[in-house]
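Data file: input_0.txt. Format and content: compact mmCIF, C-alpha atoms.
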# COMPACT_ATOMS: atom_id res chain seq x y z
CA MET A 1 73.61 114.15 78.79
CA LYS A 2 74.32 112.44 82.08
CA THR A 3 75.11 114.75 84.96
CA GLU A 4 78.23 113.64 86.79
CA THR A 5 77.56 112.79 90.41
CA ARG A 6 79.64 111.44 93.24
CA VAL A 7 80.86 107.87 92.76
CA PRO A 8 80.50 106.21 96.19
CA LEU A 9 82.97 103.75 97.62
CA SER A 10 80.27 101.08 97.95
CA ARG A 11 76.54 100.61 97.57
CA PRO A 12 74.34 97.62 98.48
CA TYR A 13 72.34 95.88 95.76
CA ILE A 14 68.73 95.69 96.91
CA ASP A 15 65.85 94.75 94.61
CA GLU A 16 62.10 94.17 94.76
CA ARG A 17 62.53 90.54 95.77
CA ASP A 18 64.46 91.61 98.87
CA GLU A 19 61.73 94.09 99.73
CA GLU A 20 59.02 91.48 99.20
CA LEU A 21 60.64 88.99 101.55
CA VAL A 22 61.21 91.59 104.28
CA VAL A 23 57.63 92.83 104.01
CA ASP A 24 56.36 89.24 104.31
CA VAL A 25 58.16 88.91 107.64
CA LEU A 26 56.86 92.28 108.81
CA ARG A 27 53.32 91.19 108.07
CA SER A 28 53.82 87.81 109.74
CA GLY A 29 54.48 89.46 113.10
CA ARG A 30 57.34 87.00 113.76
CA LEU A 31 60.29 89.37 113.73
CA SER A 32 62.82 87.39 115.75
CA LEU A 33 63.56 83.81 116.80
CA GLY A 34 61.37 82.67 113.93
CA PRO A 35 61.44 80.22 111.02
CA THR A 36 62.98 82.65 108.53
CA ILE A 37 66.29 82.47 110.40
CA GLU A 38 66.36 78.69 110.19
CA ARG A 39 65.64 78.82 106.46
CA PHE A 40 68.42 81.35 105.91
CA GLU A 41 70.85 79.11 107.81
CA GLU A 42 69.89 76.05 105.78
CA LEU A 43 70.32 77.86 102.46
CA PHE A 44 73.62 79.37 103.50
CA ALA A 45 75.08 76.08 104.71
CA GLU A 46 74.13 74.50 101.40
CA GLN A 47 75.71 77.39 99.50
CA VAL A 48 79.14 77.10 101.15
CA GLY A 49 79.21 73.33 101.58
CA ALA A 50 79.10 73.27 105.38
CA PRO A 51 76.78 70.92 107.27
CA TYR A 52 75.84 73.53 109.90
CA ALA A 53 75.37 77.30 109.98
CA ALA A 54 74.28 79.65 112.77
CA ALA A 55 73.17 83.18 111.92
CA VAL A 56 74.42 85.94 114.23
CA SER A 57 74.19 89.69 114.69
CA SER A 58 77.64 90.36 113.19
CA GLY A 59 80.75 88.67 111.88
CA THR A 60 82.52 89.97 114.98
CA GLY A 61 80.00 88.24 117.23
CA GLY A 62 80.51 84.99 115.37
CA LEU A 63 84.28 85.17 115.68
CA HIS A 64 83.97 86.00 119.38
CA MET A 65 81.81 82.97 120.07
CA LEU A 66 84.23 80.68 118.24
CA CYS A 67 87.09 82.01 120.37
CA HIS A 68 84.95 81.56 123.48
CA ILE A 69 84.26 77.95 122.49
CA ALA A 70 87.97 77.43 121.80
CA GLY A 71 88.57 78.22 125.48
CA VAL A 72 90.80 81.28 125.22
CA GLN A 73 92.17 82.18 128.65
CA GLU A 74 93.82 85.29 130.08
CA ASP A 75 97.18 85.96 128.37
CA ASP A 76 96.90 83.05 125.94
CA GLU A 77 98.74 84.04 122.79
CA VAL A 78 96.76 83.91 119.56
CA ILE A 79 98.41 84.52 116.20
CA THR A 80 96.57 86.52 113.57
CA SER A 81 97.11 88.83 110.64
CA PRO A 82 97.99 92.54 110.83
CA VAL A 83 96.23 93.08 107.50
CA SER A 84 92.58 92.79 108.42
CA PHE A 85 89.69 94.53 110.13
CA VAL A 86 90.26 94.89 113.87
CA ALA A 87 87.62 92.27 114.72
CA THR A 88 90.07 89.54 113.70
CA ALA A 89 92.11 90.39 116.80
CA ASN A 90 89.33 91.75 119.01
CA CYS A 91 87.50 88.41 118.92
CA PHE A 92 90.03 86.72 121.21
CA ILE A 93 91.08 89.86 123.12
CA PHE A 94 87.49 89.89 124.43
CA GLU A 95 88.32 86.59 126.14
CA GLY A 96 91.63 87.79 127.56
CA GLY A 97 93.85 86.52 124.73
CA ARG A 98 96.98 88.38 123.73
CA PRO A 99 97.50 89.21 120.03
CA VAL A 100 100.60 88.07 118.21
CA PHE A 101 100.82 89.40 114.66
CA ALA A 102 102.60 87.36 112.00
CA ASP A 103 103.59 89.03 108.77
CA VAL A 104 101.82 88.53 105.45
CA ASP A 105 102.65 87.46 101.93
CA PRO A 106 103.28 90.63 99.89
CA ASP A 107 101.12 89.43 96.98
CA THR A 108 98.12 87.81 98.67
CA LEU A 109 98.18 90.00 101.82
CA ASN A 110 97.20 86.86 103.72
CA LEU A 111 99.20 85.28 106.55
CA ASP A 112 102.60 83.95 105.51
CA PRO A 113 102.72 80.36 106.88
CA ALA A 114 106.47 80.66 107.56
CA ALA A 115 105.88 83.80 109.62
CA VAL A 116 103.12 82.03 111.56
CA GLU A 117 105.42 79.12 112.33
CA ALA A 118 108.13 81.51 113.54
CA ALA A 119 105.66 83.32 115.83
CA ILE A 120 104.63 80.22 117.79
CA THR A 121 105.73 80.06 121.43
CA GLN A 122 104.86 77.91 124.42
CA ARG A 123 102.03 80.34 125.19
CA THR A 124 100.43 80.10 121.74
CA LYS A 125 97.01 78.48 121.80
CA GLY A 126 95.43 79.27 118.44
CA ILE A 127 95.46 80.99 115.06
CA VAL A 128 92.81 83.21 113.51
CA VAL A 129 93.42 83.21 109.78
CA VAL A 130 91.91 85.66 107.30
CA ASP A 131 90.79 85.45 103.67
CA MET A 132 91.71 89.07 103.04
CA PHE A 133 89.79 91.04 100.43
CA GLY A 134 88.09 87.76 99.45
CA TYR A 135 91.32 85.97 98.47
CA PRO A 136 91.60 82.53 100.14
CA CYS A 137 94.47 82.11 102.57
CA GLU A 138 96.79 79.09 102.55
CA LEU A 139 94.34 76.95 104.49
CA ASP A 140 96.11 73.61 104.14
CA GLU A 141 99.56 74.88 105.13
CA LEU A 142 98.18 76.85 108.06
CA ARG A 143 96.04 73.95 109.26
CA GLU A 144 99.04 71.62 109.10
CA ILE A 145 101.02 74.05 111.26
CA ALA A 146 98.14 74.33 113.74
CA GLU A 147 97.70 70.57 114.00
CA ARG A 148 101.43 69.92 114.38
CA HIS A 149 101.63 72.35 117.31
CA GLY A 150 98.31 71.37 118.89
CA LEU A 151 96.63 74.71 118.17
CA TRP A 152 93.03 75.49 117.31
CA MET A 153 92.32 77.47 114.13
CA ILE A 154 89.44 79.71 113.07
CA ASP A 155 88.86 81.21 109.63
CA ASP A 156 87.78 84.85 109.41
CA SER A 157 86.08 84.51 106.05
CA CYS A 158 83.90 87.60 106.55
CA GLU A 159 85.09 89.00 103.20
CA ALA A 160 85.14 85.74 101.26
CA LEU A 161 81.62 84.45 100.55
CA GLY A 162 81.83 82.74 97.17
CA ALA A 163 85.60 82.26 97.21
CA GLU A 164 87.10 78.84 96.51
CA TYR A 165 90.26 77.15 97.75
CA LYS A 166 91.55 74.18 95.76
CA GLY A 167 88.24 73.86 93.95
CA ALA A 168 85.96 73.86 97.01
CA PRO A 169 84.04 76.78 98.57
CA ILE A 170 85.41 78.58 101.60
CA GLY A 171 83.33 77.09 104.40
CA SER A 172 83.54 73.51 103.14
CA HIS A 173 87.06 72.64 104.31
CA GLY A 174 86.20 71.51 107.84
CA ILE A 175 87.42 74.64 109.63
CA SER A 176 84.94 76.68 111.66
CA GLY A 177 84.64 80.20 110.32
CA THR A 178 82.54 83.29 110.07
CA PHE A 179 81.06 85.29 107.20
CA GLY A 180 79.93 88.91 107.41
CA PHE A 181 76.97 90.72 105.85
CA TYR A 182 77.76 94.41 106.27
CA PRO A 183 76.30 96.54 103.40
CA ASN A 184 79.51 96.46 101.35
CA LYS A 185 79.84 92.66 101.46
CA GLN A 186 78.96 90.16 98.72
CA ILE A 187 75.51 89.86 100.32
CA THR A 188 74.07 92.07 103.02
CA THR A 189 71.59 91.84 105.87
CA GLY A 190 72.42 95.40 106.99
CA GLU A 191 74.38 94.09 109.94
CA GLY A 192 74.78 90.38 110.51
CA GLY A 193 76.90 87.33 109.99
CA MET A 194 76.97 83.55 109.79
CA VAL A 195 79.11 81.00 111.59
CA THR A 196 79.74 77.74 109.75
CA THR A 197 80.92 74.57 111.43
CA HIS A 198 81.35 70.88 110.69
CA SER A 199 80.53 69.91 114.28
CA GLU A 200 76.95 69.37 115.37
CA ASP A 201 77.94 69.86 119.01
CA GLU A 202 79.57 73.19 118.22
CA TRP A 203 76.51 74.23 116.21
CA GLU A 204 74.19 73.53 119.13
CA LEU A 205 76.52 75.44 121.43
CA LEU A 206 76.60 78.42 119.05
CA LYS A 207 72.80 78.58 118.99
CA SER A 208 72.74 78.60 122.77
CA LEU A 209 75.55 81.14 123.21
CA ARG A 210 74.05 83.64 120.76
CA ASN A 211 70.86 83.68 122.83
CA GLN A 212 72.16 84.28 126.37
CA GLY A 213 73.14 80.65 126.95
CA ARG A 214 69.59 79.44 126.68
CA SER A 215 68.79 75.74 126.56
CA TYR A 216 66.28 74.73 123.91
CA ASP A 217 65.57 71.39 125.57
CA SER A 218 63.67 72.79 128.52
CA ARG A 219 61.67 75.81 129.66
CA TRP A 220 61.67 79.16 127.82
CA PHE A 221 63.77 81.08 130.35
CA HIS A 222 66.22 78.29 131.10
CA HIS A 223 69.85 79.34 130.78
CA VAL A 224 72.48 76.65 131.25
CA ARG A 225 75.60 78.75 130.53
CA LEU A 226 76.82 82.32 130.33
CA GLY A 227 75.97 83.55 126.87
CA PHE A 228 75.68 86.65 124.70
CA ASN A 229 73.05 88.53 122.77
CA TYR A 230 74.32 87.85 119.26
CA ARG A 231 70.93 87.07 117.72
CA ILE A 232 69.98 88.04 114.20
CA THR A 233 66.39 88.99 113.38
CA ASP A 234 63.96 87.38 110.96
CA LEU A 235 63.85 90.68 109.09
CA GLN A 236 67.58 90.44 108.44
CA ALA A 237 67.30 86.76 107.59
CA ALA A 238 64.61 87.53 105.02
CA LEU A 239 66.89 90.05 103.35
CA GLY A 240 69.67 87.47 103.49
CA ILE A 241 67.52 84.90 101.70
CA GLY A 242 66.75 87.38 98.94
CA GLN A 243 70.43 88.16 98.61
CA LEU A 244 71.43 84.48 98.53
CA GLU A 245 68.92 83.83 95.75
CA LYS A 246 70.92 86.12 93.47
CA LEU A 247 74.40 85.45 94.87
CA ASP A 248 75.72 83.96 91.64
CA ARG A 249 74.60 87.05 89.73
CA LEU A 250 76.05 89.41 92.35
CA LEU A 251 79.38 87.59 92.27
CA ALA A 252 79.44 87.71 88.46
CA MET A 253 78.68 91.43 88.47
CA ARG A 254 81.50 92.02 90.95
CA SER A 255 83.87 89.91 88.90
CA ASP A 256 82.95 91.83 85.74
CA ALA A 257 83.55 95.16 87.49
CA ALA A 258 86.93 93.94 88.71
CA ALA A 259 87.88 92.82 85.21
CA ARG A 260 86.95 96.24 83.82
CA TYR A 261 89.18 97.93 86.39
CA GLY A 262 91.97 95.57 85.41
CA GLU A 263 91.65 96.70 81.80
CA LEU A 264 91.32 100.40 82.63
CA LEU A 265 94.28 100.44 85.02
CA ALA A 266 96.60 98.24 82.99
CA GLY A 267 99.80 100.12 82.34
CA VAL A 268 98.98 103.03 84.66
CA GLU A 269 102.34 103.89 86.15
CA GLY A 270 102.40 103.83 89.95
CA VAL A 271 99.38 101.50 90.33
CA GLU A 272 99.55 97.79 91.15
CA VAL A 273 96.27 95.93 90.61
CA PRO A 274 95.15 93.00 92.83
CA LEU A 275 96.65 89.56 92.47
CA ALA A 276 94.98 87.34 89.86
CA ASP A 277 93.45 83.96 90.67
CA ASP A 278 95.40 80.76 90.21
CA ALA A 279 94.55 77.05 90.20
CA ALA A 280 94.26 76.89 94.00
CA HIS A 281 92.75 80.32 94.74
CA ARG A 282 89.54 81.76 93.36
CA ARG A 283 88.84 85.18 94.78
CA SER A 284 85.39 86.44 95.69
CA TRP A 285 85.52 90.14 94.86
CA PHE A 286 84.70 92.09 98.01
CA VAL A 287 86.56 95.36 97.42
CA TYR A 288 88.92 96.54 94.69
CA VAL A 289 92.17 97.56 96.37
CA VAL A 290 95.21 98.77 94.45
CA LYS A 291 98.71 99.45 95.74
CA LEU A 292 100.32 102.77 94.95
CA ALA A 293 104.02 102.88 94.24
CA GLN A 294 106.34 103.84 97.08
CA GLY A 295 106.86 107.57 97.30
CA ILE A 296 103.38 108.54 96.11
CA ASP A 297 101.50 110.80 98.53
CA ARG A 298 98.39 108.70 99.13
CA ASP A 299 96.59 111.39 101.12
CA ALA A 300 97.07 113.84 98.26
CA VAL A 301 95.69 111.25 95.83
CA LEU A 302 92.61 110.81 98.05
CA GLU A 303 92.06 114.57 98.13
CA ARG A 304 92.36 114.86 94.35
CA LEU A 305 89.92 112.00 93.82
CA ALA A 306 87.46 113.55 96.28
CA ALA A 307 87.68 116.87 94.42
CA GLN A 308 86.46 115.04 91.31
CA GLY A 309 83.58 113.36 93.13
CA ILE A 310 85.34 110.00 93.56
CA GLU A 311 85.11 108.36 96.98
CA ALA A 312 88.11 106.17 97.83
CA GLY A 313 89.33 104.71 101.10
CA LEU A 314 92.40 103.65 103.06
CA TYR A 315 92.00 99.87 103.04
CA VAL A 316 93.22 98.87 105.54
CA PRO A 317 95.44 100.36 108.25
CA ALA A 318 97.64 97.75 109.94
CA VAL A 319 95.79 96.36 112.96
CA HIS A 320 98.81 96.32 115.27
CA LEU A 321 99.40 100.04 114.66
CA GLN A 322 95.90 101.10 115.67
CA PRO A 323 96.04 103.50 118.65
CA TYR A 324 94.58 101.07 121.20
CA MET A 325 96.97 98.33 120.10
CA ARG A 326 99.98 100.61 120.52
CA GLU A 327 98.78 101.80 123.93
CA ARG A 328 97.76 98.42 125.33
CA TYR A 329 100.46 96.14 123.93
CA GLY A 330 103.26 98.47 122.87
CA PHE A 331 103.23 97.53 119.18
CA ALA A 332 105.23 99.83 116.95
CA GLU A 333 106.55 100.10 113.41
CA GLY A 334 108.86 97.27 112.44
CA THR A 335 106.73 94.48 113.93
CA CYS A 336 105.45 93.30 110.53
CA PRO A 337 107.38 95.14 107.83
CA VAL A 338 105.68 93.53 104.82
CA ALA A 339 102.22 94.32 106.17
CA GLU A 340 103.21 97.84 107.18
CA ASP A 341 104.56 98.58 103.72
CA ALA A 342 101.42 97.24 102.03
CA CYS A 343 99.03 99.05 104.38
CA SER A 344 100.83 102.34 103.76
CA ARG A 345 100.18 102.05 100.03
CA THR A 346 96.78 100.35 99.60
CA LEU A 347 93.84 102.31 98.26
CA ALA A 348 90.27 101.07 97.79
CA LEU A 349 88.45 102.33 94.71
CA PRO A 350 84.65 102.53 94.29
CA PHE A 351 83.39 98.98 93.92
CA PHE A 352 79.94 97.36 93.99
CA PRO A 353 77.86 95.10 91.72
CA GLN A 354 75.95 97.80 89.86
CA LEU A 355 79.00 99.98 89.23
CA GLU A 356 78.74 101.19 85.63
CA ARG A 357 81.60 101.16 83.15
CA GLU A 358 81.18 104.89 82.60
CA ASP A 359 81.80 105.54 86.29
CA GLN A 360 84.77 103.16 86.32
CA GLU A 361 86.24 105.09 83.41
CA ARG A 362 85.79 108.26 85.48
CA VAL A 363 87.55 106.65 88.42
CA ALA A 364 90.44 105.41 86.30
CA ALA A 365 90.86 108.80 84.63
CA ALA A 366 90.69 110.62 87.95
CA LEU A 367 93.27 108.27 89.49
CA ARG A 368 95.60 108.75 86.53
CA ASP A 369 95.25 112.52 86.90
CA ALA A 370 95.75 112.34 90.67
CA LEU A 371 99.03 110.52 90.21

Spell out the structure here as structure tokens.
Amino acid sequence: MKTETRVPLSRPYIDERDEELVVDVLRSGRLSLGPTIERFEELFAEQVGAPYAAAVSSGTGGLHMLCHIAGVQEDDEVITSPVSFVATANCFIFEGGRPVFADVDPDTLNLDPAAVEAAITQRTKGIVVVDMFGYPCELDELREIAERHGLWMIDDSCEALGAEYKGAPIGSHGISGTFGFYPNKQITTGEGGMVTTHSEDEWELLKSLRNQGRSYDSRWFHHVRLGFNYRITDLQAALGIGQLEKLDRLLAMRSDAAARYGELLAGVEGVEVPLADDAAHRRSWFVYVVKLAQGIDRDAVLERLAAQGIEAGLYVPAVHLQPYMRERYGFAEGTCPVAEDACSRTLALPFFPQLEREDQERVAAALRDAL
């Protein structure tokens, strides 16, 4: 008889092939700035349909460099989503930009194009869009708005590797963006990320910026611009290659787990499951986030789940209501009512490729009891 243990919120999928590739790099002695990084970039670019990819130390670092390249200046307004990880706003705040949060669509939890349009002022310089929880945002509508107003646009696709918009992979639509490889993502390198671009000039600039502004056309210690240390290691790249080799299987396992949750939670009163795909949007399952009905004590639900060995999480608090955002910019409740309502009711359930049906049944039963 199986002994019931804690069901974690997430768990990376690492196999012998991953270990083999990492050990090969360890034995090679070339742990950084080596050929494994270039191979990882080539394979990733091919996977997402982008001509160029630059591996970096984190998704945040990639987003920051794209904002730096975009030329963000002090007090430039940049519009982004309040339903995201804080890096989506931090990336341009680092450069002196000022965040402007536009509200989201209540179903997709991605930026509402009409709200973005309404948020544009004479000080607006750009938009950082998000493919939240792996569901593609309205790229075409948002890009049309950006182009009409002369704004740059960056896609935070850190949660969306494997997603498709209008039949083409996220990364292939001509917009520069960033993917993330934290341990709970579709693939992991521990920490790490990848910037994709359709501009060779931007790609060369990214490779320089991530390595302290170094020029690769001259001497070793020859720095032609102010840069950052956003390098990834060959060890991480080796793990990334192993993960990419089985990406299709990992995505299928995630999709299967999501479908099982959909079956198990169907008809559970007080629980709204994630939005289904449609002809234009194919989600890449990153996390499984449900919405609880208004009036349910979410903290009490979390405590009851924890008492039964089920780890769940608050995914995600509204960015503009984070303490530093309130203190620095004076944001308060009422700024983005749709986002605030959603963020007050979302709950992430245990979700990862190797999640077994038996454990999902435990989660569903525990959630039903907790409600």

inquiry  = Please compute the atom CA of Glu356 of chain A-atom CA of Pro12 of chain A distance, one decimal, in Å.
reply    = 14.0 Å

request  = Quick one: everything within 8 Å of Leu111 of chain A, counting only C-alpha atoms, minus sequence neighbours fewer than 2 positions away in the same chain. Send it as a ChimeraX atom specification.
outcome  = /A:80-81,102-105,109,113,115-116,129-130,137-138

Now that the selection is made, can you save its residues with C-alpha atoms as a short mmCIF file (atom, residue, chain, number, x, y, z; two decimals), in the frame of the given file?
data_model
loop_
_atom_site.label_atom_id
_atom_site.label_comp_id
_atom_site.auth_asym_id
_atom_site.auth_seq_id
_atom_site.Cartn_x
_atom_site.Cartn_y
_atom_site.Cartn_z
CA THR A 80 96.57 86.52 113.57
CA SER A 81 97.11 88.83 110.64
CA ALA A 102 102.60 87.36 112.00
CA ASP A 103 103.59 89.03 108.77
CA VAL A 104 101.82 88.53 105.45
CA ASP A 105 102.65 87.46 101.93
CA LEU A 109 98.18 90.00 101.82
CA PRO A 113 102.72 80.36 106.88
CA ALA A 115 105.88 83.80 109.62
CA VAL A 116 103.12 82.03 111.56
CA VAL A 129 93.42 83.21 109.78
CA VAL A 130 91.91 85.66 107.30
CA CYS A 137 94.47 82.11 102.57
CA GLU A 138 96.79 79.09 102.55
#

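The residue that comes closest to Val22 of chain A, out of A:Leu347, A:Leu239, A:Cys158, A:Ala370 and on the basis of all atoms listed in the file, is A:Leu239.
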
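With all atoms listed in the file as the basis for measurement, A:Arg98 is the residue among A:His222, A:His173, A:Lys246, A:Arg98 that approaches Phe331 of chain A most closely.
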
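Here atom CA of His320 of chain A and atom CA of Asp299 of chain A stand 20.8 Å from one another.
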
inquiry  = When you count only C-alpha atoms, which of these residues is closest to Glu117 of chain A: A:Ile79, A:Ala87, A:Leu21, A:Ala259?
reply    = A:Ile79

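Here atom CA of Asp256 of chain A is placed at a distance of 26.5 Å from atom CA of Leu139 of chain A.
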
For segment 267-366 of chain A versus segment 174-191 of chain A, which residues have an atom no more than 8 Å away, and what is each residue's nearest atom pair and distance in Å rounded to one decimal, using all atoms listed in the file, chain-then-number order, as JSON lines?
{"residue": "A:Trp285", "atom": "CA", "partner": "A:Gln186", "partner_atom": "CA", "distance": 7.6}
{"residue": "A:Phe286", "atom": "CA", "partner": "A:Lys185", "partner_atom": "CA", "distance": 6.0}
{"residue": "A:Phe352", "atom": "CA", "partner": "A:Asn184", "partner_atom": "CA", "distance": 7.4}

Near Asp107 of chain A, counting only C-alpha atoms, which residues have an atom at most 12 Å away, once you skip same-chain residues fewer than 4 positions from it, shown as a PDB file with C-alpha atoms, keeping the file's coordinate frame?
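Here's the written file around.pdb:
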ATOM      1  CA  LEU A 111      99.200  85.280 106.550  1.00  0.00           C
ATOM      2  CA  ASP A 112     102.600  83.950 105.510  1.00  0.00           C
ATOM      3  CA  MET A 132      91.710  89.070 103.040  1.00  0.00           C
ATOM      4  CA  PHE A 133      89.790  91.040 100.430  1.00  0.00           C
ATOM      5  CA  TYR A 135      91.320  85.970  98.470  1.00  0.00           C
ATOM      6  CA  CYS A 137      94.470  82.110 102.570  1.00  0.00           C
ATOM      7  CA  GLU A 272      99.550  97.790  91.150  1.00  0.00           C
ATOM      8  CA  VAL A 273      96.270  95.930  90.610  1.00  0.00           C
ATOM      9  CA  PRO A 274      95.150  93.000  92.830  1.00  0.00           C
ATOM     10  CA  LEU A 275      96.650  89.560  92.470  1.00  0.00           C
ATOM     11  CA  ALA A 276      94.980  87.340  89.860  1.00  0.00           C
ATOM     12  CA  ASP A 277      93.450  83.960  90.670  1.00  0.00           C
ATOM     13  CA  VAL A 290      95.210  98.770  94.450  1.00  0.00           C
ATOM     14  CA  LYS A 291      98.710  99.450  95.740  1.00  0.00           C
ATOM     15  CA  VAL A 338     105.680  93.530 104.820  1.00  0.00           C
ATOM     16  CA  ALA A 339     102.220  94.320 106.170  1.00  0.00           C
ATOM     17  CA  ASP A 341     104.560  98.580 103.720  1.00  0.00           C
ATOM     18  CA  ALA A 342     101.420  97.240 102.030  1.00  0.00           C
TER      19      ALA A 342
END

Within 9 Å of (105.4, 105.6, 94.1), only C-alpha atoms: residues as a PDB file with C-alpha atoms, in the coordinates of the input?
ATOM      1  CA  GLU A 269     102.340 103.890  86.150  1.00  0.00           C
ATOM      2  CA  GLY A 270     102.400 103.830  89.950  1.00  0.00           C
ATOM      3  CA  VAL A 271      99.380 101.500  90.330  1.00  0.00           C
ATOM      4  CA  LEU A 292     100.320 102.770  94.950  1.00  0.00           C
ATOM      5  CA  ALA A 293     104.020 102.880  94.240  1.00  0.00           C
ATOM      6  CA  GLN A 294     106.340 103.840  97.080  1.00  0.00           C
ATOM      7  CA  GLY A 295     106.860 107.570  97.300  1.00  0.00           C
ATOM      8  CA  ILE A 296     103.380 108.540  96.110  1.00  0.00           C
ATOM      9  CA  ASP A 297     101.500 110.800  98.530  1.00  0.00           C
ATOM     10  CA  ARG A 345     100.180 102.050 100.030  1.00  0.00           C
ATOM     11  CA  LEU A 371      99.030 110.520  90.210  1.00  0.00           C
TER      12      LEU A 371
END

request  = Find the spatial neighbours of Cys343 of chain A, counting only C-alpha atoms, within a cut-off of 8 Å - ignore same-chain residues fewer than 4 positions away - and output them as a PyMOL selection string.
outcome  = chain A and resi 83+315-318+339

Saved selection, atoms kept: C-alpha atoms, as a PDB file, keeping the file's coordinate frame:
ATOM      1  CA  VAL A  83      96.230  93.080 107.500  1.00  0.00           C
ATOM      2  CA  TYR A 315      92.000  99.870 103.040  1.00  0.00           C
ATOM      3  CA  VAL A 316      93.220  98.870 105.540  1.00  0.00           C
ATOM      4  CA  PRO A 317      95.440 100.360 108.250  1.00  0.00           C
ATOM      5  CA  ALA A 318      97.640  97.750 109.940  1.00  0.00           C
ATOM      6  CA  ALA A 339     102.220  94.320 106.170  1.00  0.00           C
TER       7      ALA A 339
END

ask   = Pick from A:Ala237, A:Ala257, A:Val319, A:Ala365: nearest to Arg304 of chain A, with only C-alpha atoms counted?
value = A:Ala365

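Every protein or nucleic acid residue with an atom no more than 9 Å from Gln354 of chain A, counting all atoms listed in the file and leaving out same-chain residues fewer than 6 positions away, appears here: Arg11, Pro12, Tyr13, Leu250, Met253, Arg254 and Ala257 of chain A.
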